[in-house]
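Scroll down for the structure; my scribbles are underneath it.
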Amino acid sequence: MQPLHRLLVLLLVLCGIMLLVHSLSKWPQSRPIARNFGDRLAYAAEDIVDPNVVYDAAYVAIPYPGGDVPANRGVCADVVIRSYRRLGIDLQVLVHQDMEKHFSVYPQLWHLRKPDPSIDHRRVFNLATFFHRHGQTLPCSGHGTDYLPGDIVVWEVQHLGHIGIVSSKCNAAGTRKLIVHNIGDGQVLQDMLFDFPIIGHYRFAPK
């Protein structure tokens, strides 16, 4: 092989190595293997973080089952619905089926006479009721270590309900986990566990 050819081959090899290193640097950091359902749900919630999602609480008629509003829109409850769906669990169906059988035990805040699968699962207090009935109801403590990845937290915000999922990631001080939620700035990951009064704390891991 001529010296010029050798130089060209060497340059091509070096370029290939540089491209490989550059592409590897863009890959997301690997996560620890999920130890339980809570870890899997936390990862699913982190995967849908998108600050460009527009907060939109308008009623939308959606298909049943598997219905969703457009992916670029949503409310806090949609964070929970979308995260569970990534694990093959459709809360639209589960909430609707439970409300069909036990409509009277759910909040009667919207003056409905029967369940509506387009909206029932997208209401915070309906989700809280479902999780209380079918999951674990845990203390609403002021200790960050009591909130584990995948836990569902409900807050009172201006006399309304707000809901989010505890992530696998800690805040800078290491005192509590960050929360995946949507309170108006998109589907985001924030250190806000104790920003509002906590009125519900649940774990729901279907068998």
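In the structure tokens, chains take letters A, B, ... by order of appearance, with residues numbered from 1 within each chain and ligands from 1 in the order shown.
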
Could you give me, as a Markdown table, every range 49-127 of chain A residue with an atom at most 9 Å from range 162-180 of chain A, plus its closest atom pair and distance in Å to one decimal, counting only C-alpha atoms, rows ordered by chain then number?
| residue | atom | partner | partner_atom | distance |
| --- | --- | --- | --- | --- |
| A:Val49 | CA | A:Val180 | CA | 7.2 |
| A:Cys76 | CA | A:Ile163 | CA | 5.8 |
| A:Ala77 | CA | A:Ile163 | CA | 6.2 |
| A:Val79 | CA | A:Gly164 | CA | 7.0 |
| A:Val80 | CA | A:Gly164 | CA | 6.7 |
| A:Ser83 | CA | A:Ile165 | CA | 8.8 |
| A:Val124 | CA | A:His162 | CA | 6.3 |
| A:Phe125 | CA | A:His162 | CA | 8.7 |
| A:Leu127 | CA | A:Ile163 | CA | 8.9 |

Could you turn the residues from that selection into a file that holds N, CA and C atoms, as a CSV table (one decimal), in the first residue's frame?
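This is the output file result36.csv:
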chain,number,residue,atom,x,y,z
A,49,VAL,N,-41.4,13.2,29.9
A,49,VAL,CA,-41.1,14.6,30.2
A,49,VAL,C,-41.0,15.4,28.9
A,76,CYS,N,-52.6,17.5,34.4
A,76,CYS,CA,-51.8,16.7,35.3
A,76,CYS,C,-52.2,15.3,35.3
A,77,ALA,N,-53.4,15.0,35.2
A,77,ALA,CA,-53.9,13.6,35.2
A,77,ALA,C,-53.4,12.8,34.0
A,79,VAL,N,-50.5,13.0,32.8
A,79,VAL,CA,-49.1,12.5,33.1
A,79,VAL,C,-49.2,11.1,33.7
A,80,VAL,N,-50.2,10.9,34.6
A,80,VAL,CA,-50.4,9.6,35.2
A,80,VAL,C,-50.9,8.6,34.2
A,83,SER,N,-48.2,7.6,31.7
A,83,SER,CA,-47.1,6.8,32.3
A,83,SER,C,-47.6,5.4,32.5
A,124,VAL,N,-58.6,14.5,38.8
A,124,VAL,CA,-57.7,14.2,39.9
A,124,VAL,C,-58.4,13.4,41.0
A,125,PHE,N,-59.6,13.9,41.4
A,125,PHE,CA,-60.3,13.3,42.5
A,125,PHE,C,-60.9,11.9,42.2
A,127,LEU,N,-59.2,9.8,40.1
A,127,LEU,CA,-58.0,9.0,40.2
A,127,LEU,C,-57.7,8.7,41.6

Checklist entry - Could you pull out the alpha helix (DSSP H) residues of range 20-188 of chain A from DSSP and send them as a PyMOL selection string? => result chain A and resi 20-26+37-47+76-85+91-101+124-134

Next on the checklist: Taking only range 85-197 of chain A into account, list the residues labelled strand (DSSP E) by DSSP (computed from the backbone), as an MDAnalysis selection string.
Outcome noted: chainID A and resid 136:137 152:157 160:170 177:181 188:190

Next on the checklist: Restricting the calculation to only C-alpha atoms: of A:Pro197, A:Gly184, A:Pro139, A:Gly150, which residue gets closest to Val54 in chain A?
Outcome noted: A:Gly184

Checklist entry - What is the distance between CA of Tyr55 in chain A and CA of Ala71 in chain A, in Å to one decimal? => result 11.0 Å

Checklist entry - So which residues touch Tyr59 in chain A within 10 Å, counting only C-alpha atoms, skipping near sequence neighbours fewer than 4 positions away, as a list in words? => result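 These residues fall inside the cut-off: Val69, Ser118, Ile119 and Arg122 of chain A.
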
Item to check | Residue nearest Gly186 in chain A among A:Arg82, A:Arg31, A:Arg203, A:Arg73 (counting only C-alpha atoms) | outcome: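 Under the stated criterion, the closest residue is A:Arg73.
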
Checklist entry - Nearest to Asp120 in chain A among A:Ala42, A:Ile62, A:Ile199, A:Leu189, with distances taken over only C-alpha atoms: which residue is it? => result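 Closest residue, counting only C-alpha atoms: A:Ile62.
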